[in-house]
Amino acid sequence: MSKIIVVTSGKGGVGKTTSTGALGAALAQQGQKVAVVDFDVGLRNLDLVMGAERRVVYDLINVAQGDAKLHQALIRDKRLPNLFLLPASQTRDKDALTEEGVERVINELRGRFDCVICDSPAGIERGATLAMRFADAAVVVANPEISSVRDSDRIIGLLDAKTVHAENGEGIEKHLLLTRYDAGRVARGEMLSVEDVLEILSIPLLGIIPDNEEVLRASNVGAPIVLHNAACAPARAYNDAAQRLCGVDLPMCIHSDQKSLFRKFFGRRAA
Amino acid sequence: MNQAIYRHIRFRGHSFNALSLEPEAPLAAWIDRLDAFIAHNAAFFARKPIVVDVSYLELDRTGALELVKNLSERGIRILGLAGADPAWSCDDLPAILPRARAAAESNQTNVDGAGETDTPATRLTANEQLAFQEIANALADDGQPSGASNSEPVCRPPNIAPLIVNAPVRSGQTIYYPEGDVTVVGSIASGADVVAGGSIHIYGTLRGRAFAGARGEAQARIFCRRLEAELLGVGEVYLTADQIETNARGRSVQAWLEHESIRIAPLD
């Protein structure tokens, strides 16, 4: 059965779009037919992260308003044939989205894909509430710092109140994805620890993505991190998270790069 | 510690019980029925807080002024108008009251069966329907002499059952329970509020704000597993995070009112 997943956070710049691209690509690599949908109307980014910005013709708004067919707007990934992107419009604003339009698009996507990942805009307004409205599960992205965690807490409250599943009394499956995690800074007390964040948010942990410069490099070249450099720590962490999202029981760990461990080791010896 | 320096003018949003009078069209006939009702129950409306709900009428401002004048002449003191257009607001009309969460009630019944997003005024909650029916009955059986017993169903007795919340209270959420105690099995997030008429029990960390005894009940207390609160309020006194003693932070505590100031003591 197909699953609609919303990637949301409340706060901007915590890694929603990067995570959407990475989880989408990881799930597609596992053999699922995946669509990633950009809900950030007016400030679209997912097309850049996926490297599809030169091929955008129609977008979510066109399909939602019935001006284009879904298959005309979907962009097939050049690297993974079972990964598709539904881009957002850059010229319109979020008021152009209606609940009826979004519901129609989501239902049509449900019939065609195993997994649909919706990249929510930041904030708690219309764009964000519509992105989560029809979701079966939510990936709440947070950085280990207090403002991000509080905003995520707010979003969890909205997930429990404003989604169709919640209104039907079924509740919605929620997962925490902790991004930009820097073990060194946590140890120095400059960042919240995993335990602190889990204590505040009290939802199950999907994965810990280490802070790593490869993530920025990947988005600059327009490739999801798991395709750009599958061996790097964040790519492995996203692959684990994608498997957990499918119900695979993997032990939680904080991935780190062998190289930097080496450097740390020698650095300490030299000091 | 001297609390007096933190005192301000006191004003707060409160919910009070009022009798809601709901005139129906045609208005002339309704006023006749009202007169007959008053003739049998002379003191029924006397000195009672009355809100006139005009949602069932098609009125303009002139009509509303006329209605208010008619009711005032019958000794009905009007606290406010519900279901009225906020644009009518003027010195000659009572305050226009916003509808409280009528549309948000989960147990709402769709009276007219219309599927569209209609105004809250045309939808009645089960409670509103009951109250409406009671007033309609009271107005209909004007043949029988009725005393205080007739007014009883309208003024519902206060519900003193505690409210149990079995989930964490998230940032931005408010638990508002002026009727009694609130027990939260979970934490109160930073940016969340819990307002209770009675005591507040938190089996988790209190990071947000808690107001116990919100109706002025000075006996109310706040209990929590771990205190990281942004604000503690008991009765009419409150402490902000800066005013809470640092040695109470991070501990399991109770807070109560003593000599007009809040005292905090560890539980273990």
# chains A, B, ... in the order shown; residues from 1 in each chain; ligands from 1
>>> residues_around(residues="Glu145 of chain A", least_positions_apart="3", cutoff="8 Å", atoms="only C-alpha atoms", output="mmCIF file with N, CA and C atoms, in the first residue's frame")
data_model
loop_
_atom_site.group_PDB
_atom_site.id
_atom_site.type_symbol
_atom_site.label_atom_id
_atom_site.label_comp_id
_atom_site.auth_asym_id
_atom_site.auth_seq_id
_atom_site.Cartn_x
_atom_site.Cartn_y
_atom_site.Cartn_z
ATOM 1 N N SER A 148 15.160 25.161 17.367
ATOM 2 C CA SER A 148 14.674 24.171 16.414
ATOM 3 C C SER A 148 13.798 23.139 17.109
ATOM 4 N N VAL A 149 14.215 22.720 18.295
ATOM 5 C CA VAL A 149 13.457 21.696 19.020
ATOM 6 C C VAL A 149 12.085 22.228 19.435
ATOM 7 N N MET A 191 25.740 21.868 22.078
ATOM 8 C CA MET A 191 24.521 21.399 21.399
ATOM 9 C C MET A 191 23.775 20.479 22.360
ATOM 10 N N LEU A 192 22.465 20.355 22.126
ATOM 11 C CA LEU A 192 21.674 19.422 22.931
ATOM 12 C C LEU A 192 22.075 17.993 22.580
#
>>> interface_residues(of="chain B", to="chain A", cutoff="6 Å", atoms="only C-alpha atoms", output="short mmCIF file (atom, residue, chain, number, x, y, z; two decimals) with all heavy atoms, in the first residue's frame")
data_model
loop_
_atom_site.label_atom_id
_atom_site.label_comp_id
_atom_site.auth_asym_id
_atom_site.auth_seq_id
_atom_site.Cartn_x
_atom_site.Cartn_y
_atom_site.Cartn_z
N ARG B 170 2.21 20.16 23.73
CA ARG B 170 3.20 20.67 22.80
C ARG B 170 3.25 22.19 22.80
O ARG B 170 2.25 22.86 23.13
CB ARG B 170 2.89 20.18 21.39
CG ARG B 170 2.77 18.68 21.24
CD ARG B 170 4.11 18.04 21.30
NE ARG B 170 4.05 16.59 21.17
CZ ARG B 170 5.11 15.81 21.23
NH1 ARG B 170 6.31 16.34 21.45
NH2 ARG B 170 5.01 14.52 21.11
N SER B 171 4.37 22.73 22.36
CA SER B 171 4.53 24.18 22.22
C SER B 171 3.37 24.74 21.39
O SER B 171 3.03 24.19 20.35
CB SER B 171 5.86 24.44 21.53
OG SER B 171 6.08 25.82 21.45
N GLY B 172 2.78 25.83 21.88
CA GLY B 172 1.69 26.45 21.13
C GLY B 172 0.32 25.94 21.55
O GLY B 172 -0.69 26.53 21.20
#
>>> residues_around(residues="Ile202 of chain B", least_positions_apart="6", cutoff="9 Å", atoms="only C-alpha atoms", output="ChimeraX atom specification")
/B:182-188,222-226
>>> residues_around(residues="Leu231 of chain B", least_positions_apart="2", cutoff="12 Å", atoms="only C-alpha atoms", output="PyMOL selection string")
chain B and resi 188+190-195+206-212+222+227-229+233-234+237-244+255+262
>>> atom_distance(atom1="atom CA of Phe44 of chain B", atom2="atom CA of Ala82 of chain B")
20.5 Å
>>> atom_distance(atom1="atom CA of Val7 of chain A", atom2="atom CA of Asp136 of chain A")
11.4 Å
>>> select_by_dssp(residues="segment 131-182 of chain A", states="helix (DSSP H, G or I)", output="PyMOL selection string")
chain A and resi 131-133+146-162+164-167
>>> residues_around(residues="Phe39 of chain A", least_positions_apart="4", cutoff="10 Å", atoms="only C-alpha atoms", output="list in words")
Val6, Leu43, Arg44, Asn45, Leu46, Leu60, Ile61, Leu86, Pro87, Ala88, Ser89, Lys94, Leu97, Val102, Cys118, Asp119, Ser120, Pro121, Ala122, Gly127, Ala128, Leu130, Ala131 and Met132 of chain A
>>> residues_around(residues="Gly222 of chain A", least_positions_apart="3", cutoff="8 Å", atoms="only C-alpha atoms", output="VMD selection string")
chain A and resid 48 to 52 218 to 219
>>> select_by_dssp(residues="segment 181-223 of chain A", states="strand (DSSP E)", output="list in words")
Tyr181, Leu205, Leu206, Gly207, Ile208, Ile209 and Pro210 of chain A
>>> residues_around(residues="Lys174 of chain A", least_positions_apart="4", cutoff="10 Å", atoms="only C-alpha atoms", output="PyMOL selection string")
chain A and resi 5-6+136-140+156+159-160+203-206
>>> write_last_selection(atoms="N, CA, C and O atoms", output="compact mmCIF listing (two decimals), in the first residue's frame")
# COMPACT_ATOMS: atom_id res chain seq x y z
N ILE A 5 4.32 10.52 3.12
CA ILE A 5 5.16 10.95 4.23
C ILE A 5 5.43 12.45 4.08
O ILE A 5 5.81 12.90 3.01
N VAL A 6 5.22 13.21 5.14
CA VAL A 6 5.56 14.63 5.10
C VAL A 6 6.86 14.85 5.88
O VAL A 6 7.07 14.26 6.94
N ASP A 136 0.27 10.11 5.90
CA ASP A 136 0.10 8.93 6.75
C ASP A 136 1.17 8.89 7.84
O ASP A 136 0.98 8.28 8.88
N ALA A 137 2.31 9.51 7.55
CA ALA A 137 3.42 9.52 8.49
C ALA A 137 4.16 10.85 8.35
O ALA A 137 4.08 11.50 7.32
N ALA A 138 4.87 11.23 9.41
CA ALA A 138 5.62 12.48 9.37
C ALA A 138 7.05 12.23 9.82
O ALA A 138 7.29 11.47 10.76
N VAL A 139 7.98 12.85 9.10
CA VAL A 139 9.36 12.88 9.54
C VAL A 139 9.62 14.30 10.03
O VAL A 139 9.57 15.25 9.25
N VAL A 140 9.81 14.45 11.34
CA VAL A 140 10.03 15.76 11.92
C VAL A 140 11.55 15.99 11.98
O VAL A 140 12.26 15.25 12.67
N ILE A 156 4.70 19.10 15.94
CA ILE A 156 4.14 17.81 16.37
C ILE A 156 2.71 18.03 16.89
O ILE A 156 1.81 17.24 16.62
N LEU A 159 0.56 18.32 13.90
CA LEU A 159 0.37 17.01 13.26
C LEU A 159 -0.72 16.23 13.99
O LEU A 159 -1.50 15.51 13.37
N ASP A 160 -0.77 16.39 15.31
CA ASP A 160 -1.75 15.67 16.11
C ASP A 160 -3.12 16.33 16.08
O ASP A 160 -4.08 15.81 16.67
N ILE A 203 9.07 11.56 20.72
CA ILE A 203 8.61 10.75 19.60
C ILE A 203 9.78 9.85 19.20
O ILE A 203 10.94 10.17 19.50
N PRO A 204 9.52 8.70 18.52
CA PRO A 204 10.62 7.78 18.21
C PRO A 204 11.65 8.38 17.25
O PRO A 204 11.32 9.17 16.38
N LEU A 205 12.90 7.96 17.45
CA LEU A 205 14.01 8.49 16.66
C LEU A 205 14.16 7.68 15.38
O LEU A 205 14.24 6.45 15.41
N LEU A 206 14.22 8.37 14.24
CA LEU A 206 14.38 7.69 12.95
C LEU A 206 15.85 7.61 12.55
O LEU A 206 16.28 6.66 11.92
